[in-house]
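Single-structure report; data block below.
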Protein chains: 2
Amino acid sequence: MSRAEREAQMLAVAEEVFGELGYRAASMEEIAERCGVSKPMLYEYFGSKDGLLLACLAKARAELYRVTSEAMALGADPLDVLRRGLVAYYAFTGEHSRSLALLMHEPMALPEGAIGAVEDVRRQQHELIAPVLAAWAPALPPTAVEAYTEIIIGACERISLWCTRRPDITPEQAAQYTLDFCWSGLSGTLQPPTEGAAT
Amino acid sequence: MSRAEREAQMLAVAEEVFGELGYRAASMEEIAERCGVSKPMLYEYFGSKDGLLLACLAKARAELYRVTSEAMALGADPLDVLRRGLVAYYAFTGEHSRSLALLMHEPMALPEGAIGAVEDVRRQQHELIAPVLAAWAPALPPTAVEAYTEIIIGACERISLWCTRRPDITPEQAAQYTLDFCWSGLSGTLQPPTEGAAT
DNA sequence: GAGGGTAAGTTACTCCGGGTAAGTTACCGA
DNA sequence: TCGGTAACTTACCCGGAGTAACTTACCCTC
């Protein structure tokens with residue numbers, strides 16, 4: 001079997017095994033066996049178990065980029081661009097939830113129960129936020145409350161990580177950005193997309 | 001040394017070592033050594049390396065809950081409640097960025113470079129989203145564009161994970177929730193906080 | 001068509017780190 | 001003083017990542 005074929009096969013098998021068992025529980029032996037080759041071959045091609053994972057991630061990333069950017073390119077106006085990007089993103093992550101999502105979220109060697117423990121932290125945040133939203137707007141359907149709560153949790157996590165890269169941002173400023181966005185949305189600070197105006 | 005003291009000491013040391021080296025690179029031997037005891041003691045107290053990590057997470061989670069819920073309890077109105085919660089959250093994650101944030105974001109056994117690779121996926125999303133925002137609102141300061149982009153990325157990730165728990169939600173619906181929130185914010189669908197009205 | 005270089009592949013190991021079995025010290029109450 | 005128990009240690013097992021050395025088979029050249 002040629003080098004390129006083997007590499008593609010190994011990547012596909014690895015993505016599958018990582019998705020099934022998680023990074024930690026997946027052994028190089030197992031992946032090699034399913035490829036019908038022996039372990040050193042994997043090391044020949046990818047250097048290490050980490051290298052193999054990284055290659056899987058790179059492949060998934062390239063695909064994600066392709067589907068989302070292609071979808072966005074078809075958009076007529078900014079709002080449409082965002083909508084198409086979002087749909088493509090959710091469709092992709094939904095289809096690849098067993099492999100991609102595990103690679104991203106469980107990231108790699110999660111101690112089995114620890115992925116649940118990390119989610120527990122978020123569930124706890126959920127319990128804090130959802131009642132505020134619900135009390136605020138009794139008319140909002142429960143599903144929307146859930147979705148909005150998840151959005152806020154995700155936003156908080158991302159901003160807190162952003163803060164570690166931007167030490168000049170104080171917690172108060174970070175909170176203000178988050179609040180501004182969550183309160184007014186994009187329509188508050190940005191120009192609404194003028195109807196029919198592309199570009 | 002008494003059981004309770006040891007346990008507290010071990011947890012503190014473990015949090016420190018996990019934060020310094022990451023879950024994978026941290027060895028039980030190293031943690032035990034820094035505690036001044038031998039490895040089997042750690043197993044006596046926490047059962048396994050995973051158990052030790054889980055205990056660290058539980059402790060961090062309890063602290064995070066305490067500081068955020070206490071801060072929120074002081075809020076006068078919903079907006080104020082959210083703001084106080086956000087400030088407390090960012091302050092906490094900022095202070096504990098070396099231990100807690102690493103536990104949450106790098107989650108645990110990240111293949112060294114893989115944490116960067118996962119972030120690369122997000123950077124890629126950033127490159128797709130930021131230009132749209134910037135084009136949309138040339139007047140928005142670059143820092144705000146950054147913050148808003150990060151918020152959208154975090155929201156997308158959370159919603160995509162939410163979708164795996166709610167298979168009834170289609171990608172289109174997920175996109176619609178995300179768009180509604182990002183476009184109008186809470187002020188669009190919810191009652192604005194009536195001035196001075198607590199509870 | 002024989003020879004040799006190279007690329008695909010294997011077996012058989014080392015080594016590190018998580019986890020454990022069995023034993024040792026030292027404190028405390030009877 | 002003696003025993004029991006609780007904190008703790010040494011010395012080990014074992015699985016899986018990673019590697020060294022060897023084998024096969026193809027293809028290109030003379």
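As shown in the structure tokens, the chain order sets the letters A, B, ...; within each chain, residues go from 1, and ligands are also counted from 1 in the order they appear.
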Show me which bits of chain C are within 8 Å of chain B, counting only C-alpha atoms (C1' of nucleotides), as a PDB file with N, CA and C atoms (P, O5', C5', C4', C3', O3' and C1' of nucleotides), in the first residue's frame.
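Produced file out-v5.pdb, reproduced below:
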ATOM      1  P    DG C  17       7.830   9.095  34.141  1.00  0.00           P
ATOM      2  O5'  DG C  17       6.328   8.769  34.549  1.00  0.00           O
ATOM      3  C5'  DG C  17       5.358   8.504  33.556  1.00  0.00           C
ATOM      4  C4'  DG C  17       4.261   7.652  34.130  1.00  0.00           C
ATOM      5  C3'  DG C  17       3.939   7.961  35.600  1.00  0.00           C
ATOM      6  O3'  DG C  17       2.542   7.849  35.780  1.00  0.00           O
ATOM      7  C1'  DG C  17       4.442   5.700  35.379  1.00  0.00           C
ATOM      8  P    DG C  18       1.713   8.605  36.904  1.00  0.00           P
ATOM      9  O5'  DG C  18       0.448   7.651  37.078  1.00  0.00           O
ATOM     10  C5'  DG C  18      -0.311   7.295  35.935  1.00  0.00           C
ATOM     11  C4'  DG C  18      -0.958   5.949  36.147  1.00  0.00           C
ATOM     12  C3'  DG C  18      -1.743   5.813  37.446  1.00  0.00           C
ATOM     13  O3'  DG C  18      -2.918   5.057  37.201  1.00  0.00           O
ATOM     14  C1'  DG C  18      -0.032   4.188  37.399  1.00  0.00           C
ATOM     15  P    DG C  19      -4.106   5.028  38.312  1.00  0.00           P
ATOM     16  O5'  DG C  19      -3.668   3.761  39.157  1.00  0.00           O
ATOM     17  C5'  DG C  19      -3.859   2.459  38.559  1.00  0.00           C
ATOM     18  C4'  DG C  19      -3.233   1.427  39.443  1.00  0.00           C
ATOM     19  C3'  DG C  19      -3.718   1.402  40.902  1.00  0.00           C
ATOM     20  O3'  DG C  19      -4.377   0.163  41.145  1.00  0.00           O
ATOM     21  C1'  DG C  19      -1.373   1.079  40.730  1.00  0.00           C
TER      22       DG C  19
END
Any chance you could tabulate, as JSON lines, the residues of chain A at most 7 Å from chain B with each one's nearest atom pair and distance in Å to one decimal, using only C-alpha atoms, in chain and rising number order?
{"residue": "A:Asp50", "atom": "CA", "partner": "B:Pro111", "partner_atom": "CA", "distance": 5.4}
{"residue": "A:Leu54", "atom": "CA", "partner": "B:Ala114", "partner_atom": "CA", "distance": 6.2}
{"residue": "A:Arg61", "atom": "CA", "partner": "B:Val121", "partner_atom": "CA", "distance": 5.8}
{"residue": "A:Pro78", "atom": "CA", "partner": "B:Val132", "partner_atom": "CA", "distance": 6.5}
{"residue": "A:Arg83", "atom": "CA", "partner": "B:Ala175", "partner_atom": "CA", "distance": 6.3}
{"residue": "A:Leu86", "atom": "CA", "partner": "B:Ala175", "partner_atom": "CA", "distance": 5.3}
{"residue": "A:Val87", "atom": "CA", "partner": "B:Pro171", "partner_atom": "CA", "distance": 5.4}
{"residue": "A:Tyr90", "atom": "CA", "partner": "B:Pro171", "partner_atom": "CA", "distance": 5.1}
{"residue": "A:Ala91", "atom": "CA", "partner": "B:Pro171", "partner_atom": "CA", "distance": 5.4}
{"residue": "A:Thr93", "atom": "CA", "partner": "B:Ser160", "partner_atom": "CA", "distance": 6.5}
{"residue": "A:Gly94", "atom": "CA", "partner": "B:Thr164", "partner_atom": "CA", "distance": 6.9}
{"residue": "A:Met104", "atom": "CA", "partner": "B:Val118", "partner_atom": "CA", "distance": 6.5}
{"residue": "A:Pro107", "atom": "CA", "partner": "B:Pro107", "partner_atom": "CA", "distance": 6.6}
{"residue": "A:Met108", "atom": "CA", "partner": "B:Leu110", "partner_atom": "CA", "distance": 5.8}
{"residue": "A:Ala109", "atom": "CA", "partner": "B:Ala109", "partner_atom": "CA", "distance": 4.8}
{"residue": "A:Leu110", "atom": "CA", "partner": "B:Met108", "partner_atom": "CA", "distance": 5.9}
{"residue": "A:Pro111", "atom": "CA", "partner": "B:Asp50", "partner_atom": "CA", "distance": 5.5}
{"residue": "A:Ala114", "atom": "CA", "partner": "B:Leu54", "partner_atom": "CA", "distance": 6.2}
{"residue": "A:Ala117", "atom": "CA", "partner": "B:Leu54", "partner_atom": "CA", "distance": 6.9}
{"residue": "A:Val118", "atom": "CA", "partner": "B:Met104", "partner_atom": "CA", "distance": 6.5}
{"residue": "A:Val121", "atom": "CA", "partner": "B:Arg61", "partner_atom": "CA", "distance": 5.9}
{"residue": "A:Val132", "atom": "CA", "partner": "B:Pro78", "partner_atom": "CA", "distance": 6.5}
{"residue": "A:Trp136", "atom": "CA", "partner": "B:Gln191", "partner_atom": "CA", "distance": 6.3}
{"residue": "A:Ala137", "atom": "CA", "partner": "B:Leu190", "partner_atom": "CA", "distance": 5.0}
{"residue": "A:Ala147", "atom": "CA", "partner": "B:Tyr177", "partner_atom": "CA", "distance": 6.8}
{"residue": "A:Tyr148", "atom": "CA", "partner": "B:Phe181", "partner_atom": "CA", "distance": 6.9}
{"residue": "A:Glu150", "atom": "CA", "partner": "B:Arg158", "partner_atom": "CA", "distance": 5.8}
{"residue": "A:Ile151", "atom": "CA", "partner": "B:Ala155", "partner_atom": "CA", "distance": 4.3}
{"residue": "A:Ile152", "atom": "CA", "partner": "B:Ala155", "partner_atom": "CA", "distance": 6.8}
{"residue": "A:Gly154", "atom": "CA", "partner": "B:Gly154", "partner_atom": "CA", "distance": 4.2}
{"residue": "A:Ala155", "atom": "CA", "partner": "B:Ile151", "partner_atom": "CA", "distance": 4.3}
{"residue": "A:Glu157", "atom": "CA", "partner": "B:Gly154", "partner_atom": "CA", "distance": 6.8}
{"residue": "A:Arg158", "atom": "CA", "partner": "B:Gly154", "partner_atom": "CA", "distance": 5.2}
{"residue": "A:Ile159", "atom": "CA", "partner": "B:Glu150", "partner_atom": "CA", "distance": 6.3}
{"residue": "A:Ser160", "atom": "CA", "partner": "B:Tyr90", "partner_atom": "CA", "distance": 5.8}
{"residue": "A:Thr164", "atom": "CA", "partner": "B:Gly94", "partner_atom": "CA", "distance": 6.9}
{"residue": "A:Pro171", "atom": "CA", "partner": "B:Tyr90", "partner_atom": "CA", "distance": 5.1}
{"residue": "A:Glu172", "atom": "CA", "partner": "B:Val87", "partner_atom": "CA", "distance": 5.6}
{"residue": "A:Ala175", "atom": "CA", "partner": "B:Leu86", "partner_atom": "CA", "distance": 5.3}
{"residue": "A:Tyr177", "atom": "CA", "partner": "B:Ala147", "partner_atom": "CA", "distance": 6.8}
{"residue": "A:Leu179", "atom": "CA", "partner": "B:Arg83", "partner_atom": "CA", "distance": 6.8}
{"residue": "A:Phe181", "atom": "CA", "partner": "B:Gly185", "partner_atom": "CA", "distance": 6.6}
{"residue": "A:Cys182", "atom": "CA", "partner": "B:Gly185", "partner_atom": "CA", "distance": 4.8}
{"residue": "A:Trp183", "atom": "CA", "partner": "B:Gly185", "partner_atom": "CA", "distance": 4.7}
{"residue": "A:Ser184", "atom": "CA", "partner": "B:Gly185", "partner_atom": "CA", "distance": 4.7}
{"residue": "A:Gly185", "atom": "CA", "partner": "B:Gly185", "partner_atom": "CA", "distance": 3.9}
{"residue": "A:Leu186", "atom": "CA", "partner": "B:Trp183", "partner_atom": "CA", "distance": 4.7}
{"residue": "A:Ser187", "atom": "CA", "partner": "B:Trp183", "partner_atom": "CA", "distance": 5.4}
{"residue": "A:Leu190", "atom": "CA", "partner": "B:Ala137", "partner_atom": "CA", "distance": 5.0}
{"residue": "A:Gln191", "atom": "CA", "partner": "B:Ala137", "partner_atom": "CA", "distance": 5.9}
Per-residue nearest contacts chain D to region 8-15 of chain C, cut-off 9 Å, using only C-alpha atoms (C1' of nucleotides), as a tab-separated table:
residue	atom	partner	partner_atom	distance
D:DG18	C1'	C:DT14	C1'	8.8
D:DT19	C1'	C:DT14	C1'	8.0
D:DA20	C1'	C:DC13	C1'	8.2
D:DC22	C1'	C:DT10	C1'	8.2
D:DT23	C1'	C:DT10	C1'	7.2
D:DT24	C1'	C:DG9	C1'	7.7
D:DA25	C1'	C:DA8	C1'	8.5
Selection to disk with N, CA and C atoms (P, O5', C5', C4', C3', O3' and C1' of nucleotides), as a CSV table (one decimal), in the first residue's frame:
chain,number,residue,atom,x,y,z
D,18,DG,P,4.5,8.2,22.7
D,18,DG,O5',5.9,7.4,22.3
D,18,DG,C5',7.0,7.5,23.2
D,18,DG,C4',8.0,6.5,22.8
D,18,DG,C3',8.5,6.6,21.3
D,18,DG,O3',9.9,6.9,21.3
D,18,DG,C1',8.2,4.4,22.1
D,19,DT,P,10.8,7.1,20.0
D,19,DT,O5',11.6,5.7,20.0
D,19,DT,C5',12.2,5.2,21.2
D,19,DT,C4',13.1,4.0,20.8
D,19,DT,C3',13.8,4.1,19.5
D,19,DT,O3',15.1,3.5,19.6
D,19,DT,C1',12.5,2.1,19.6
D,20,DA,P,16.3,3.9,18.6
D,20,DA,O5',17.1,2.6,18.6
D,20,DA,C5',17.0,1.6,19.7
D,20,DA,C4',17.5,0.2,19.3
D,20,DA,C3',18.4,0.2,18.1
D,20,DA,O3',19.3,-0.9,18.2
D,20,DA,C1',16.4,-0.9,17.5
D,22,DC,P,20.7,-6.6,13.6
D,22,DC,O5',19.6,-7.4,12.7
D,22,DC,C5',18.7,-8.3,13.4
D,22,DC,C4',17.4,-8.4,12.6
D,22,DC,C3',17.6,-8.9,11.2
D,22,DC,O3',17.0,-10.2,11.0
D,22,DC,C1',16.0,-7.2,11.3
D,23,DT,P,17.1,-10.9,9.6
D,23,DT,O5',15.7,-10.6,8.9
D,23,DT,C5',14.5,-11.0,9.4
D,23,DT,C4',13.4,-10.7,8.5
D,23,DT,C3',13.5,-11.3,7.1
D,23,DT,O3',12.3,-11.9,6.7
D,23,DT,C1',13.1,-9.0,6.9
D,24,DT,P,12.2,-12.9,5.5
D,24,DT,O5',11.4,-12.2,4.4
D,24,DT,C5',10.0,-11.7,4.7
D,24,DT,C4',9.7,-10.6,3.8
D,24,DT,C3',9.7,-10.9,2.3
D,24,DT,O3',8.3,-10.8,1.8
D,24,DT,C1',10.6,-8.8,2.7
D,25,DA,P,7.8,-11.5,0.5
D,25,DA,O5',7.7,-10.3,-0.5
D,25,DA,C5',7.1,-9.1,-0.1
D,25,DA,C4',7.5,-8.0,-1.0
D,25,DA,C3',7.7,-8.4,-2.5
D,25,DA,O3',7.2,-7.3,-3.3
D,25,DA,C1',9.6,-7.2,-1.8
Using only C-alpha atoms (C1' of nucleotides), find the residues of chain D whose closest atom to chain B is at most 8 Å away, then write them as a list in words.
->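 Filtering chain D at 8 Å from chain B with only C-alpha atoms (C1' of nucleotides) gives DA7, DC8 and DT9 of chain D.
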CA of Ala130 (chain A) to CA of Arg165 (chain B), straight-line distance in Å |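 The value is 17.1 Å.
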Fewer than 4 positions away in the same chain doesn't count, so skip those; otherwise give me all residues within 12 Å of DC30 (chain D), counting only C-alpha atoms (C1' of nucleotides), as number ranges by chain.
-> C: 1-4
Give me, please, the distance in Å between CA of Ala14 (chain B) and CA of Ile31 (chain B), quoted to one decimal.
-> 6.0 Å
Near-DG29 (chain C) list (12 Å; only C-alpha atoms (C1' of nucleotides); drop same-chain fewer than 3 positions) as JSON, numbers by chain | {"D": [2, 3, 4, 5]}
Write the residues of the preceding selection, restricted to N, CA and C atoms (P, O5', C5', C4', C3', O3' and C1' of nucleotides), as a PDB file, in the first residue's frame.
ATOM      1  P    DC D   2       5.149  -7.248  77.763  1.00  0.00           P
ATOM      2  O5'  DC D   2       3.766  -7.422  76.980  1.00  0.00           O
ATOM      3  C5'  DC D   2       2.551  -7.589  77.709  1.00  0.00           C
ATOM      4  C4'  DC D   2       1.390  -7.075  76.895  1.00  0.00           C
ATOM      5  C3'  DC D   2       1.473  -7.387  75.402  1.00  0.00           C
ATOM      6  O3'  DC D   2       0.274  -8.010  74.984  1.00  0.00           O
ATOM      7  C1'  DC D   2       0.915  -5.116  75.727  1.00  0.00           C
ATOM      8  P    DG D   3       0.315  -9.059  73.759  1.00  0.00           P
ATOM      9  O5'  DG D   3      -0.771  -8.465  72.760  1.00  0.00           O
ATOM     10  C5'  DG D   3      -2.119  -8.387  73.186  1.00  0.00           C
ATOM     11  C4'  DG D   3      -2.769  -7.156  72.599  1.00  0.00           C
ATOM     12  C3'  DG D   3      -2.894  -7.168  71.070  1.00  0.00           C
ATOM     13  O3'  DG D   3      -4.205  -6.779  70.751  1.00  0.00           O
ATOM     14  C1'  DG D   3      -1.989  -5.137  71.783  1.00  0.00           C
ATOM     15  P    DG D   4      -5.025  -7.562  69.595  1.00  0.00           P
ATOM     16  O5'  DG D   4      -5.867  -6.381  68.943  1.00  0.00           O
ATOM     17  C5'  DG D   4      -6.430  -5.378  69.791  1.00  0.00           C
ATOM     18  C4'  DG D   4      -6.260  -4.016  69.162  1.00  0.00           C
ATOM     19  C3'  DG D   4      -6.378  -4.013  67.623  1.00  0.00           C
ATOM     20  O3'  DG D   4      -7.278  -2.995  67.261  1.00  0.00           O
ATOM     21  C1'  DG D   4      -4.482  -2.801  68.307  1.00  0.00           C
ATOM     22  P    DT D   5      -8.164  -3.117  65.927  1.00  0.00           P
ATOM     23  O5'  DT D   5      -8.151  -1.622  65.378  1.00  0.00           O
ATOM     24  C5'  DT D   5      -8.002  -0.529  66.308  1.00  0.00           C
ATOM     25  C4'  DT D   5      -7.012   0.482  65.773  1.00  0.00           C
ATOM     26  C3'  DT D   5      -7.058   0.695  64.258  1.00  0.00           C
ATOM     27  O3'  DT D   5      -7.092   2.080  64.022  1.00  0.00           O
ATOM     28  C1'  DT D   5      -4.862   0.489  64.960  1.00  0.00           C
TER      29       DT D   5
END
For the atom pair CA of Glu44 (chain B) and CA of Ala12 (chain B), what is the interatomic distance in Å to one decimal place?
-> 16.6 Å
